[in-house]
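Structure below is data.cif: mmCIF, C-alpha atoms.
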data_model
#
loop_
_atom_site.label_atom_id
_atom_site.label_comp_id
_atom_site.auth_asym_id
_atom_site.auth_seq_id
_atom_site.Cartn_x
_atom_site.Cartn_y
_atom_site.Cartn_z
CA MET A 13 41.73 14.25 -27.21
CA ILE A 14 39.65 17.23 -25.98
CA PRO A 15 41.18 19.19 -23.06
CA THR A 16 38.92 19.20 -20.04
CA TYR A 17 38.96 22.97 -19.70
CA VAL A 18 37.63 23.35 -23.26
CA VAL A 19 34.79 20.95 -22.54
CA THR A 20 34.09 22.83 -19.31
CA ALA A 21 33.77 26.02 -21.32
CA ILE A 22 31.46 24.32 -23.80
CA GLY A 23 29.42 22.99 -20.93
CA GLY A 24 29.14 26.53 -19.56
CA ARG A 25 27.88 27.73 -22.92
CA LEU A 26 25.16 25.10 -22.83
CA ALA A 27 24.36 25.62 -19.19
CA GLY A 28 21.59 28.13 -19.93
CA ARG A 29 19.49 25.23 -21.13
CA ASN A 30 20.66 22.40 -18.93
CA LYS A 31 23.23 22.75 -16.19
CA GLY A 32 23.70 18.98 -16.14
CA LEU A 33 25.38 19.22 -19.54
CA ILE A 34 28.46 20.68 -17.86
CA VAL A 35 28.94 17.54 -15.85
CA ILE A 36 28.07 15.24 -18.74
CA ALA A 37 30.46 16.98 -21.13
CA ILE A 38 33.33 16.78 -18.66
CA ALA A 39 32.61 13.12 -17.94
CA VAL A 40 32.45 12.22 -21.63
CA ALA A 41 35.67 14.06 -22.39
CA ARG A 42 37.40 12.34 -19.53
CA ALA A 43 36.22 8.91 -20.76
CA GLU A 44 37.40 9.64 -24.31
CA ALA A 45 40.72 10.91 -23.04
CA LEU A 46 41.25 7.77 -20.96
CA GLU A 47 40.48 5.58 -23.94
CA ALA A 48 42.97 7.45 -26.11
CA LEU A 49 45.63 7.21 -23.43
CA ALA A 50 45.01 3.52 -22.93
CA ARG A 51 45.44 2.87 -26.64
CA ASN A 52 48.90 4.43 -26.39
CA TYR A 53 49.95 2.08 -23.59
CA LEU A 54 50.05 4.56 -20.78
CA ASN A 55 49.89 2.70 -17.52
CA THR A 56 48.83 5.81 -15.65
CA CYS A 57 45.09 5.90 -16.19
CA GLN A 58 44.52 6.57 -12.50
CA THR A 59 46.97 9.46 -12.53
CA PHE A 60 45.29 11.01 -15.53
CA ALA A 61 41.89 10.62 -13.91
CA VAL A 62 43.14 12.64 -10.94
CA CYS A 63 44.62 15.31 -13.24
CA SER A 64 41.45 15.46 -15.33
CA THR A 65 39.32 15.82 -12.25
CA ALA A 66 41.62 18.50 -10.88
CA MET A 67 41.40 20.49 -14.11
CA ALA A 68 37.61 20.32 -14.09
CA VAL A 69 37.48 21.35 -10.41
CA TRP A 70 39.91 24.22 -11.03
CA ALA A 71 37.78 25.49 -13.91
CA LEU A 72 34.61 25.41 -11.81
CA TRP A 73 36.27 26.88 -8.72
CA HIS A 74 37.83 29.83 -10.54
CA GLY A 75 34.83 30.55 -12.70
CA PHE A 76 36.36 29.59 -16.02
CA VAL A 77 33.16 30.16 -18.04
CA PRO A 78 32.80 32.09 -21.33
CA GLU A 79 31.06 35.43 -21.43
CA THR A 80 28.03 33.98 -23.22
CA ALA A 81 27.46 31.61 -20.31
CA LYS A 82 27.42 34.51 -17.85
CA ASN A 83 24.38 35.87 -19.70
CA SER A 84 22.60 32.51 -19.71
CA GLN A 85 19.38 32.00 -17.82
CA LEU A 86 21.05 29.62 -15.40
CA TYR A 87 23.81 31.99 -14.38
CA GLN A 88 21.48 34.99 -14.24
CA LYS A 89 19.24 32.96 -11.98
CA ILE A 90 22.24 32.04 -9.84
CA GLY A 91 23.23 35.70 -9.69
CA ARG A 92 19.74 36.84 -8.71
CA SER A 93 19.48 34.24 -5.98
CA LYS A 94 22.86 35.36 -4.65
CA GLN A 95 21.78 39.00 -4.71
CA LYS A 96 18.60 38.23 -2.80
CA LYS A 97 20.56 36.33 -0.22
CA ASP A 98 23.48 38.72 0.20
CA GLY A 99 21.53 42.02 0.01
CA LYS A 100 22.24 45.32 -1.67
CA LYS A 101 25.50 45.93 0.15
CA ASP A 102 27.06 42.81 -1.25
CA ARG A 103 25.83 43.65 -4.76
CA LYS A 104 28.08 46.70 -4.76
CA LYS A 105 31.17 44.78 -3.76
CA PRO A 106 33.83 44.58 -6.48
CA VAL A 107 34.63 41.22 -7.94
CA SER A 108 37.45 39.51 -6.05
CA VAL A 109 39.25 36.19 -6.05
CA GLN A 110 36.86 34.98 -3.40
CA GLN A 111 33.87 35.94 -5.54
CA PRO A 112 34.28 34.49 -9.05
CA ALA A 113 33.48 36.71 -12.02
CA CYS A 114 30.86 34.33 -13.31
CA GLY A 115 28.70 34.99 -10.27
CA VAL A 116 28.60 31.37 -9.13
CA SER A 117 28.34 31.10 -5.38
CA ARG A 118 30.86 29.06 -3.44
CA SER A 119 28.12 26.70 -2.23
CA LEU A 120 26.98 26.05 -5.80
CA GLN A 121 30.58 25.46 -6.84
CA ILE A 122 30.90 22.84 -4.13
CA GLN A 123 27.68 21.20 -5.33
CA LEU A 124 28.98 21.20 -8.91
CA LEU A 125 32.25 19.74 -7.65
CA PHE A 126 30.43 16.79 -6.09
CA MET A 127 28.35 16.35 -9.25
CA VAL A 128 31.54 16.21 -11.32
CA LEU A 129 33.13 13.67 -8.99
CA ILE A 130 30.01 11.49 -9.05
CA ALA A 131 29.86 11.69 -12.85
CA LEU A 132 33.54 10.78 -13.12
CA GLY A 133 33.03 7.81 -10.84
CA ALA A 134 30.02 6.66 -12.83
CA THR A 135 31.99 7.01 -16.07
CA SER A 136 34.84 4.99 -14.60
CA TRP A 137 32.45 2.19 -13.72
CA THR A 138 30.81 2.23 -17.14
CA GLN A 139 34.05 2.34 -19.10
CA PHE A 140 36.30 0.20 -16.98
CA GLY A 141 34.22 -1.55 -14.35
CA GLY A 142 31.04 -2.67 -16.08
CA VAL A 143 32.76 -4.12 -19.12
CA PRO A 144 36.49 -3.55 -18.55
CA GLN A 145 38.48 -2.92 -21.70
CA CYS A 146 41.76 -1.34 -20.78
CA ALA A 147 41.79 -0.80 -17.04
CA LYS A 148 45.16 -1.35 -15.42
CA GLY A 149 43.74 -3.76 -12.87
CA ASN A 150 45.17 -4.80 -9.54
CA TYR A 151 47.66 -7.32 -10.82
CA PRO A 152 51.31 -7.69 -9.81
CA GLN A 153 53.92 -6.58 -12.31
CA THR A 154 55.89 -9.40 -13.85
CA SER A 155 59.65 -9.38 -13.76
CA GLU A 156 61.88 -9.37 -16.83
CA SER A 157 59.87 -9.34 -20.06
CA SER A 158 60.40 -12.08 -22.66
CA PHE A 159 57.92 -10.64 -25.13
CA GLN A 160 58.89 -8.79 -28.28
CA ILE A 161 56.59 -6.52 -30.23
CA LEU A 162 56.91 -7.05 -33.98
CA ALA A 163 54.30 -4.58 -35.22
CA ARG A 164 51.59 -2.34 -33.88
CA ALA A 165 49.04 0.14 -35.19
CA ASP A 166 45.93 2.04 -34.16
CA SER A 167 43.32 0.89 -36.63
CA ASN A 168 39.60 1.23 -37.19
CA THR A 169 38.74 -1.69 -34.89
CA GLY A 170 41.18 -0.80 -32.10
CA TYR A 171 44.81 -1.07 -31.12
CA VAL A 172 46.37 -3.99 -33.05
CA SER A 173 49.75 -5.52 -32.28
CA VAL A 174 51.78 -8.61 -33.11
CA ILE A 175 53.69 -9.99 -30.12
CA GLU A 176 56.18 -12.83 -29.94
CA ASP A 177 57.57 -14.83 -27.04
CA PRO A 178 60.55 -16.95 -28.16
CA THR A 179 60.74 -18.73 -24.81
CA LYS A 180 57.30 -20.40 -24.80
CA TYR A 181 56.91 -23.70 -26.68
CA GLU A 182 60.02 -22.84 -28.70
CA GLY A 183 58.35 -19.68 -29.92
CA VAL A 184 54.78 -18.34 -29.90
CA ARG A 185 53.43 -15.39 -31.89
CA VAL A 186 50.03 -13.80 -31.26
CA MET A 187 47.93 -10.97 -32.66
CA ARG A 188 46.18 -8.73 -30.20
CA CYS A 189 43.34 -6.27 -30.79
CA ASP A 190 42.58 -4.24 -27.66
CA HIS A 191 41.75 -6.79 -24.95
CA SER A 192 41.43 -9.81 -27.24
CA ILE A 193 43.88 -12.28 -28.66
CA LEU A 194 42.70 -12.80 -32.24
CA GLY A 195 44.87 -15.85 -32.71
CA GLY A 196 48.37 -17.18 -32.39
CA SER A 197 50.83 -19.62 -33.93
CA PHE A 198 53.60 -21.96 -32.85
CA LEU A 199 56.69 -20.75 -34.70
CA ARG A 200 58.47 -24.11 -34.70
CA TYR A 201 55.48 -26.27 -35.61
CA ASN A 202 54.55 -25.11 -39.11
CA MET A 203 52.75 -22.03 -37.71
CA ASP A 204 50.01 -24.25 -36.26
CA SER A 205 47.28 -22.41 -34.42
CA ILE A 206 47.81 -22.31 -30.66
CA PHE A 207 44.01 -22.55 -30.32
CA GLY A 208 42.86 -25.91 -31.67
CA SER A 209 39.20 -24.90 -31.90
CA PHE A 210 40.10 -22.27 -34.51
CA TYR A 211 40.22 -25.15 -37.00
CA PHE A 212 36.55 -26.02 -36.43
CA LEU A 213 35.32 -23.70 -39.19
CA ASP A 214 37.59 -25.41 -41.71
CA PHE A 215 35.89 -28.73 -41.00
CA VAL A 216 32.80 -27.48 -42.85
CA ARG A 217 34.33 -29.02 -45.99
CA TYR A 218 33.98 -32.52 -44.51
CA ILE A 219 30.18 -32.29 -44.42
CA LYS A 220 28.61 -34.59 -46.99
CA ARG A 221 26.57 -32.53 -49.47
CA PRO A 222 23.56 -33.87 -51.41
CA SER A 223 25.02 -33.23 -54.86
CA GLU A 224 28.43 -33.48 -56.47
CA HIS A 225 30.22 -30.31 -57.57
CA VAL A 226 32.77 -29.82 -60.30
CA GLY A 227 35.66 -27.43 -59.91
CA LYS A 228 37.11 -25.70 -56.90
CA PRO A 229 34.65 -24.88 -54.12
CA ARG A 230 34.26 -21.24 -53.09
CA ALA A 231 34.15 -19.96 -49.52
CA LEU A 232 33.26 -16.57 -48.09
CA GLN A 233 34.97 -15.76 -44.81
CA ILE A 234 33.52 -12.87 -42.77
CA GLY A 235 36.08 -11.86 -40.17
CA LEU A 236 39.68 -12.88 -40.75
CA GLY A 237 41.55 -12.86 -37.44
CA ILE A 238 45.05 -14.16 -38.16
CA GLY A 239 43.71 -16.18 -41.10
CA VAL A 240 43.71 -19.71 -39.64
CA THR A 241 40.71 -20.92 -41.66
CA ALA A 242 41.50 -18.92 -44.79
CA LYS A 243 44.99 -20.44 -44.81
CA THR A 244 43.96 -24.09 -44.43
CA LEU A 245 41.13 -23.79 -46.94
CA THR A 246 43.36 -22.07 -49.49
CA GLU A 247 45.95 -24.82 -49.06
CA ALA A 248 43.14 -27.33 -49.71
CA SER A 249 42.39 -25.65 -53.08
CA VAL A 250 39.29 -23.80 -51.88
CA LEU A 251 38.86 -20.32 -53.39
CA VAL A 252 38.47 -18.04 -50.38
CA ASP A 253 36.99 -14.55 -50.49
CA VAL A 254 37.72 -12.62 -47.29
CA VAL A 255 35.58 -9.78 -45.93
CA GLU A 256 37.34 -7.95 -43.12
CA LEU A 257 36.60 -4.55 -41.64
CA ASP A 258 40.15 -3.86 -40.51
CA PRO A 259 42.86 -3.57 -43.20
CA VAL A 260 45.62 -3.86 -40.59
CA LEU A 261 44.48 -7.37 -39.65
CA VAL A 262 44.68 -8.45 -43.27
CA GLN A 263 48.18 -7.02 -43.68
CA TYR A 264 49.47 -8.55 -40.43
CA ALA A 265 47.94 -11.95 -41.25
CA HIS A 266 49.99 -12.02 -44.46
CA ASP A 267 53.15 -10.55 -42.96
CA PHE A 268 53.37 -12.46 -39.69
CA PHE A 269 51.09 -15.53 -39.83
CA ASP A 270 51.84 -17.01 -43.25
CA LEU A 271 48.44 -16.29 -44.77
CA PRO A 272 48.87 -17.05 -48.50
CA PRO A 273 47.23 -14.93 -51.19
CA VAL A 274 43.48 -15.54 -51.19
CA ASN A 275 41.02 -15.23 -54.05
CA ILE A 276 39.53 -11.84 -53.12
CA GLU A 277 40.09 -9.49 -50.20
CA HIS A 278 37.25 -7.06 -49.50
CA ILE A 279 37.83 -4.42 -46.83
CA GLY A 280 34.46 -3.43 -45.50
CA ASP A 281 31.44 -4.30 -43.40
CA GLY A 282 30.33 -7.93 -43.50
CA ARG A 283 26.64 -7.11 -43.27
CA VAL A 284 26.80 -4.75 -46.24
CA PHE A 285 28.60 -7.45 -48.25
CA LEU A 286 25.92 -10.03 -47.44
CA ASP A 287 23.04 -7.73 -48.27
CA LYS A 288 24.33 -5.91 -51.34
CA ILE A 289 27.73 -6.98 -52.68
CA GLY A 290 28.12 -10.74 -52.44
CA GLU A 291 27.26 -12.83 -55.47
CA GLU A 292 23.88 -14.51 -55.18
CA LYS A 293 24.18 -18.30 -54.89
CA GLY A 294 27.92 -17.89 -55.33
CA TYR A 295 29.45 -19.75 -52.36
CA ASP A 296 29.70 -23.34 -51.21
CA TYR A 297 30.59 -22.25 -47.67
CA VAL A 298 30.17 -19.13 -45.56
CA LEU A 299 32.50 -18.86 -42.56
CA HIS A 300 31.27 -16.38 -39.96
CA ASP A 301 33.68 -15.44 -37.14
CA VAL A 302 33.53 -11.82 -35.97
CA PHE A 303 34.20 -12.03 -32.23
CA THR A 304 36.61 -9.51 -30.71
CA GLY A 305 37.03 -7.72 -27.41
CA GLY A 306 34.48 -9.86 -25.59
CA VAL A 307 31.58 -9.02 -27.91
CA VAL A 308 30.34 -9.40 -31.47
CA PRO A 309 28.73 -6.94 -33.93
CA GLU A 310 25.13 -7.90 -33.22
CA SER A 311 23.88 -6.79 -36.66
CA LEU A 312 25.62 -9.85 -38.12
CA PHE A 313 23.51 -12.24 -36.02
CA SER A 314 19.97 -11.14 -36.86
CA VAL A 315 17.47 -13.09 -38.93
CA GLU A 316 18.01 -10.59 -41.72
CA ALA A 317 21.77 -11.21 -41.61
CA MET A 318 21.19 -14.97 -41.79
CA GLN A 319 18.91 -14.41 -44.78
CA GLY A 320 21.80 -12.51 -46.34
CA VAL A 321 24.02 -15.54 -45.72
CA LYS A 322 21.48 -17.75 -47.40
CA ARG A 323 21.29 -15.35 -50.34
CA VAL A 324 24.99 -15.83 -51.16
CA LEU A 325 25.06 -19.59 -50.44
CA LYS A 326 24.40 -22.20 -53.08
CA ASP A 327 21.28 -24.29 -52.55
CA ASP A 328 23.34 -26.98 -50.82
CA GLY A 329 25.81 -24.54 -49.28
CA ILE A 330 26.73 -24.59 -45.60
CA LEU A 331 27.18 -21.91 -42.95
CA ALA A 332 29.81 -22.30 -40.21
CA LEU A 333 29.36 -19.67 -37.49
CA ASN A 334 31.52 -19.18 -34.42
CA PHE A 335 30.13 -17.56 -31.30
CA VAL A 336 32.25 -16.96 -28.22
CA GLY A 337 30.36 -16.95 -24.95
CA THR A 338 29.54 -18.84 -21.79
CA ARG A 339 28.03 -22.29 -22.13
CA ASN A 340 25.09 -21.49 -19.88
CA GLY A 341 24.41 -18.00 -21.25
CA THR A 342 21.10 -16.99 -22.79
CA ALA A 343 22.75 -15.71 -25.96
CA ILE A 344 23.61 -19.13 -27.37
CA GLY A 345 19.96 -20.23 -27.29
CA VAL A 346 18.75 -17.04 -28.93
CA ILE A 347 21.31 -17.41 -31.70
CA ALA A 348 20.29 -21.04 -32.24
CA ARG A 349 16.61 -20.10 -32.57
CA THR A 350 17.54 -17.30 -34.97
CA LEU A 351 19.52 -19.71 -37.15
CA LYS A 352 16.64 -22.16 -37.09
CA GLU A 353 14.35 -19.51 -38.58
CA VAL A 354 16.44 -19.60 -41.76
CA PHE A 355 18.14 -23.02 -41.83
CA PRO A 356 16.17 -26.23 -41.11
CA TYR A 357 19.21 -28.18 -39.92
CA ILE A 358 21.75 -26.97 -37.39
CA SER A 359 24.36 -28.62 -35.18
CA LEU A 360 26.65 -27.25 -32.49
CA TYR A 361 30.23 -28.08 -31.54
CA ILE A 362 31.62 -26.67 -28.30
CA GLU A 363 35.27 -26.16 -27.48
CA GLU A 364 36.46 -28.34 -24.62
CA PRO A 365 37.60 -26.30 -21.59
CA PRO A 366 40.76 -27.17 -19.68
CA PRO A 367 40.23 -30.06 -17.22
CA GLU A 368 40.42 -27.78 -14.19
CA MET A 369 37.59 -25.66 -15.65
CA ALA A 370 35.41 -28.45 -17.01
CA GLN A 371 32.67 -27.92 -14.42
CA ASP A 372 32.64 -24.15 -14.74
CA LYS A 373 29.60 -23.26 -16.84
CA ASN A 374 30.68 -19.61 -16.89
CA ILE A 375 33.87 -20.34 -18.77
CA VAL A 376 34.01 -18.52 -22.10
CA CYS A 377 34.61 -20.80 -25.08
CA ASN A 378 34.23 -21.08 -28.84
CA GLN A 379 30.87 -22.53 -29.88
CA VAL A 380 30.58 -23.31 -33.58
CA PHE A 381 27.25 -23.74 -35.38
CA PHE A 382 26.87 -25.50 -38.71
CA ALA A 383 23.66 -24.78 -40.61
CA ALA A 384 22.20 -25.91 -43.93
CA ASP A 385 19.04 -26.93 -45.76
CA PHE A 386 19.88 -30.64 -45.47
CA PRO A 387 20.89 -33.03 -42.68
CA LEU A 388 24.47 -32.50 -41.54
CA SER A 389 26.87 -35.43 -41.56
CA PHE A 390 30.64 -35.11 -41.19
CA GLN A 391 32.47 -37.67 -43.27
CA PRO A 392 36.24 -37.04 -43.43
CA THR A 393 38.11 -39.68 -45.37
CA SER A 394 40.84 -41.89 -43.91
CA ASN A 395 43.33 -39.78 -45.84
CA ASP A 396 41.92 -36.61 -44.22
CA LEU A 397 42.36 -38.15 -40.79
CA ARG A 398 46.04 -38.69 -41.45
CA ALA A 399 46.65 -34.94 -41.20
CA GLY A 400 49.26 -34.06 -38.60
CA GLY A 401 49.84 -31.28 -36.14
CA MET A 402 47.16 -29.45 -34.23
CA TYR A 403 44.81 -29.62 -37.23
CA GLY A 404 44.93 -33.41 -37.37
CA HIS A 405 44.62 -33.70 -33.61
CA MET A 406 41.42 -31.65 -33.58
CA LEU A 407 39.94 -33.37 -36.64
CA LYS A 408 40.36 -36.80 -35.09
CA ARG A 409 38.57 -35.65 -31.94
CA PHE A 410 35.99 -33.44 -33.63
CA ALA A 411 33.01 -35.77 -33.13
CA SER A 412 33.53 -35.63 -29.36
CA PHE A 413 32.88 -31.87 -29.31
CA LYS A 414 29.35 -32.15 -30.65
CA ALA A 415 26.66 -30.94 -28.25
CA ASP A 416 24.06 -33.56 -27.34
CA ALA A 417 21.35 -30.95 -27.77
CA VAL A 418 21.38 -27.43 -29.18
CA PRO A 419 20.32 -24.93 -26.50
CA GLY A 420 17.17 -22.98 -27.28
CA ILE A 421 15.81 -25.36 -29.90
CA GLY A 422 12.34 -26.67 -29.16
CA VAL A 423 11.82 -23.93 -26.58
CA GLU A 424 9.78 -20.80 -27.18
CA GLY A 425 11.77 -17.64 -26.87
CA ASP A 426 13.18 -14.57 -28.54
CA ILE A 427 14.98 -14.43 -31.83
CA ILE A 428 17.29 -11.68 -33.07
CA THR A 429 15.98 -9.21 -35.62
CA ASP A 430 17.27 -5.89 -36.89
CA LYS A 431 14.45 -4.09 -35.09
CA ARG A 432 14.77 -6.02 -31.85
CA ASN A 433 18.30 -7.15 -31.13
CA PRO A 434 18.96 -8.10 -27.48
CA LEU A 435 22.37 -9.66 -28.13
CA ALA A 436 24.52 -6.82 -26.78
CA GLY A 437 22.86 -6.92 -23.37
CA MET A 438 23.12 -10.68 -23.24
CA MET A 439 26.89 -10.55 -23.73
CA VAL A 440 27.77 -8.33 -20.76
CA ALA A 441 28.45 -11.26 -18.43
CA SER A 442 30.47 -13.20 -20.99
CA ALA A 443 32.45 -10.07 -21.86
CA LEU A 444 33.51 -9.82 -18.21
CA GLU A 445 34.44 -13.49 -18.17
CA HIS A 446 36.40 -13.06 -21.38
CA TRP A 447 38.35 -10.17 -19.85
CA LYS A 448 39.24 -12.32 -16.85
CA LEU A 449 40.20 -15.24 -19.08
CA MET A 450 42.54 -13.09 -21.16
CA ARG A 451 44.25 -11.91 -17.99
CA GLU A 452 44.74 -15.49 -16.87
CA MET A 453 45.81 -16.82 -20.26
CA PHE A 454 48.54 -14.26 -20.92
CA GLN A 455 50.84 -12.41 -18.58
CA VAL A 456 49.86 -9.00 -17.32
CA GLU A 457 52.67 -7.37 -19.28
CA VAL A 458 51.04 -8.44 -22.57
CA TRP A 459 48.11 -6.15 -21.77
CA GLU A 460 49.94 -3.37 -19.98
CA LYS A 461 53.19 -3.02 -21.92
CA PHE A 462 52.38 -4.24 -25.41
#
Give the structure from the file, written as structure tokens.
Amino acid sequence: MIPTYVVTAIGGRLAGRNKGLIVIAIAVARAEALEALARNYLNTCQTFAVCSTAMAVWALWHGFVPETAKNSQLYQKIGRSKQKKDGKKDRKKPVSVQQPACGVSRSLQIQLLFMVLIALGATSWTQFGGVPQCAKGNYPQTSESSFQILARADSNTGYVSVIEDPTKYEGVRVMRCDHSILGGSFLRYNMDSIFGSFYFLDFVRYIKRPSEHVGKPRALQIGLGIGVTAKTLTEASVLVDVVELDPVLVQYAHDFFDLPPVNIEHIGDGRVFLDKIGEEKGYDYVLHDVFTGGVVPESLFSVEAMQGVKRVLKDDGILALNFVGTRNGTAIGVIARTLKEVFPYISLYIEEPPPEMAQDKNIVCNQVFFAADFPLSFQPTSNDLRAGGMYGHMLKRFASFKADAVPGIGVEGDIITDKRNPLAGMMVASALEHWKLMREMFQVEVWEKF
């Protein structure tokens, strides 16, 4: 965390070239400081904002500027304009508390003060209003907490924690990363996923393939979460290679969500693995699920990324890709057209919203694409359909989740490329909806105290 007064000094040093850098530097420091505080569960973001602003104002008001800044063109210009205005008599006056040593006039200080306040307000909107991540929010505090925190760490993808509530459904455990729930399990019911749609990716193995294969199938999973799919596939004798950017997620999935040992664990960027590391024609299935915090890494959704998927898939291999967004958003159609550029056959299965939200097209939900070079037909056996628990429940109903038509297909429009990737902008609205949904799905204390 950079103290505001240090950034103010740096801004003064740069002021000879651009006085706006003072304001920008202070605003950036304040945003970074707020993010760091939020990651450490301080529920006093507003208080810190006031303190940060006060420090910046104090520095400007009392002329806290390094000597080099006093010799800058900006401050010399300020000094000359003051001399012209005040006259020779005032030029001979000794420096006093009322006349800061840096030579900045009181009127200019007031103007800078308003610029700082405007910049701080704009930063607040960008960081916590436009796409809220860790804002406290105007929500009532809950009473006595029933949650227990089992583990937590600041990692390379954000603040990660494992939280348990023994009072809900005879025990529920979830993994959180910043303002997302990456997954959860029922403790009493064989660690079943609390989100039934998380099993959709596993169902890729029920697609009838054109040729028979000998030996254990191989799957590449990009993005682990709590390991729902990696676990069920491993238990079904599929060799699973996991690519996950965050090593903490991998460790917590093993320690708290019963993820068994997988074939290979690769800690690193999924796009790099697809382009350079993954074995060519080495996988029967690629499972692509990289959503977190309301957004996705857009580089993993471009045509070039899909070509990387095809590079590591066998000729009759299948891609299962999860995208979380609104059902009526533009992003889903753009992703579908992008997939279609690489895979001739695609189908879409959409998570069913709760009955009270069924008519809300803005509801954020899991939307899973399946893509291949051959027609897609799900053919689970009668023995498969005898599976119990949440897995069996979702498999029996899986056909009902299929979309009648895939949005964006048959319609001219953009696709996603590395050079032109509009996905981030398209996800702003769904990111806001996701933030609201998380606040409704779990108590306020989950976000504010854990």
Ref. answer, residues at most 10 Å from (53.1, -22.6, -35.0) with only C-alpha atoms, as a ChimeraX atom specification: /A:181-185,196-206,269,401-402
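Evaluating the PyMOL selection byres ((chain A and resi 429) around 12) against the shown model yields A:Glu310, A:Ser311, A:Leu312, A:Phe313, A:Ser314, A:Val315, A:Glu316, A:Ala317, A:Met318, A:Gln319, A:Val346, A:Ile347, A:Arg349, A:Thr350, A:Leu351, A:Glu353, A:Asp426, A:Ile427, A:Ile428, A:Asp430, A:Lys431, A:Arg432, A:Asn433, A:Pro434, A:Leu435.
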Skip A:Phe454 itself and residues of its chain fewer than 2 positions away, then list as a PDB file with C-alpha atoms, keeping the file's coordinate frame all residues within 12 Å of it, counting all atoms listed in the file.
ATOM      1  CA  THR A 154      55.890  -9.400 -13.850  1.00  0.00           C
ATOM      2  CA  PHE A 159      57.920 -10.640 -25.130  1.00  0.00           C
ATOM      3  CA  ILE A 175      53.690  -9.990 -30.120  1.00  0.00           C
ATOM      4  CA  GLU A 176      56.180 -12.830 -29.940  1.00  0.00           C
ATOM      5  CA  ASP A 177      57.570 -14.830 -27.040  1.00  0.00           C
ATOM      6  CA  LYS A 180      57.300 -20.400 -24.800  1.00  0.00           C
ATOM      7  CA  VAL A 184      54.780 -18.340 -29.900  1.00  0.00           C
ATOM      8  CA  VAL A 186      50.030 -13.800 -31.260  1.00  0.00           C
ATOM      9  CA  ARG A 188      46.180  -8.730 -30.200  1.00  0.00           C
ATOM     10  CA  HIS A 191      41.750  -6.790 -24.950  1.00  0.00           C
ATOM     11  CA  SER A 192      41.430  -9.810 -27.240  1.00  0.00           C
ATOM     12  CA  ILE A 193      43.880 -12.280 -28.660  1.00  0.00           C
ATOM     13  CA  GLY A 196      48.370 -17.180 -32.390  1.00  0.00           C
ATOM     14  CA  TRP A 447      38.350 -10.170 -19.850  1.00  0.00           C
ATOM     15  CA  LYS A 448      39.240 -12.320 -16.850  1.00  0.00           C
ATOM     16  CA  LEU A 449      40.200 -15.240 -19.080  1.00  0.00           C
ATOM     17  CA  MET A 450      42.540 -13.090 -21.160  1.00  0.00           C
ATOM     18  CA  ARG A 451      44.250 -11.910 -17.990  1.00  0.00           C
ATOM     19  CA  GLU A 452      44.740 -15.490 -16.870  1.00  0.00           C
ATOM     20  CA  VAL A 456      49.860  -9.000 -17.320  1.00  0.00           C
ATOM     21  CA  GLU A 457      52.670  -7.370 -19.280  1.00  0.00           C
ATOM     22  CA  VAL A 458      51.040  -8.440 -22.570  1.00  0.00           C
ATOM     23  CA  TRP A 459      48.110  -6.150 -21.770  1.00  0.00           C
ATOM     24  CA  GLU A 460      49.940  -3.370 -19.980  1.00  0.00           C
ATOM     25  CA  PHE A 462      52.380  -4.240 -25.410  1.00  0.00           C
TER      26      PHE A 462
END
Report the residues retrieved by the PyMOL selection byres ((chain A and resi 292) around 12) from the displayed file, expressed as number ranges by chain. A: 232, 285-291, 293-296, 319-327, 329
Taking the file as shown, find all residues satisfying the PyMOL selection byres ((chain A and resi 208-219) around 8) and write them as a short mmCIF file (atom, residue, chain, number, x, y, z; two decimals) with C-alpha atoms, in the coordinates of the input.
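The resulting selection09.cif:
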data_model
loop_
_atom_site.label_atom_id
_atom_site.label_comp_id
_atom_site.auth_asym_id
_atom_site.auth_seq_id
_atom_site.Cartn_x
_atom_site.Cartn_y
_atom_site.Cartn_z
CA SER A 205 47.28 -22.41 -34.42
CA ILE A 206 47.81 -22.31 -30.66
CA PHE A 207 44.01 -22.55 -30.32
CA LYS A 220 28.61 -34.59 -46.99
CA ARG A 221 26.57 -32.53 -49.47
CA VAL A 240 43.71 -19.71 -39.64
CA THR A 241 40.71 -20.92 -41.66
CA THR A 244 43.96 -24.09 -44.43
CA LEU A 245 41.13 -23.79 -46.94
CA TYR A 297 30.59 -22.25 -47.67
CA LEU A 299 32.50 -18.86 -42.56
CA ILE A 330 26.73 -24.59 -45.60
CA LEU A 331 27.18 -21.91 -42.95
CA ALA A 332 29.81 -22.30 -40.21
CA LEU A 333 29.36 -19.67 -37.49
CA ASN A 334 31.52 -19.18 -34.42
CA GLU A 363 35.27 -26.16 -27.48
CA ASN A 378 34.23 -21.08 -28.84
CA VAL A 380 30.58 -23.31 -33.58
CA PHE A 382 26.87 -25.50 -38.71
CA LEU A 388 24.47 -32.50 -41.54
CA SER A 389 26.87 -35.43 -41.56
CA PHE A 390 30.64 -35.11 -41.19
CA GLN A 391 32.47 -37.67 -43.27
CA PRO A 392 36.24 -37.04 -43.43
CA MET A 402 47.16 -29.45 -34.23
CA TYR A 403 44.81 -29.62 -37.23
CA MET A 406 41.42 -31.65 -33.58
CA LEU A 407 39.94 -33.37 -36.64
CA PHE A 410 35.99 -33.44 -33.63
#
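The gap separating atom CA of A:Leu271 from atom CA of A:Gly239 is 6.0 Å, in Å to one decimal.
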Nearby residues (all atoms listed in the file) at most 6 Å from A:Leu360, same-chain spacing under 6 positions excluded, as a PyMOL selection string: chain A and resi 380-381+414-415
Using only C-alpha atoms, determine which residues lie at most 7 Å from stretch 251-264 of chain A, disregarding the query and same-chain residues fewer than 4 positions distant; provide the list as a VMD selection string. chain A and resid 167 to 169 228 to 238 242 246 268 274 to 282
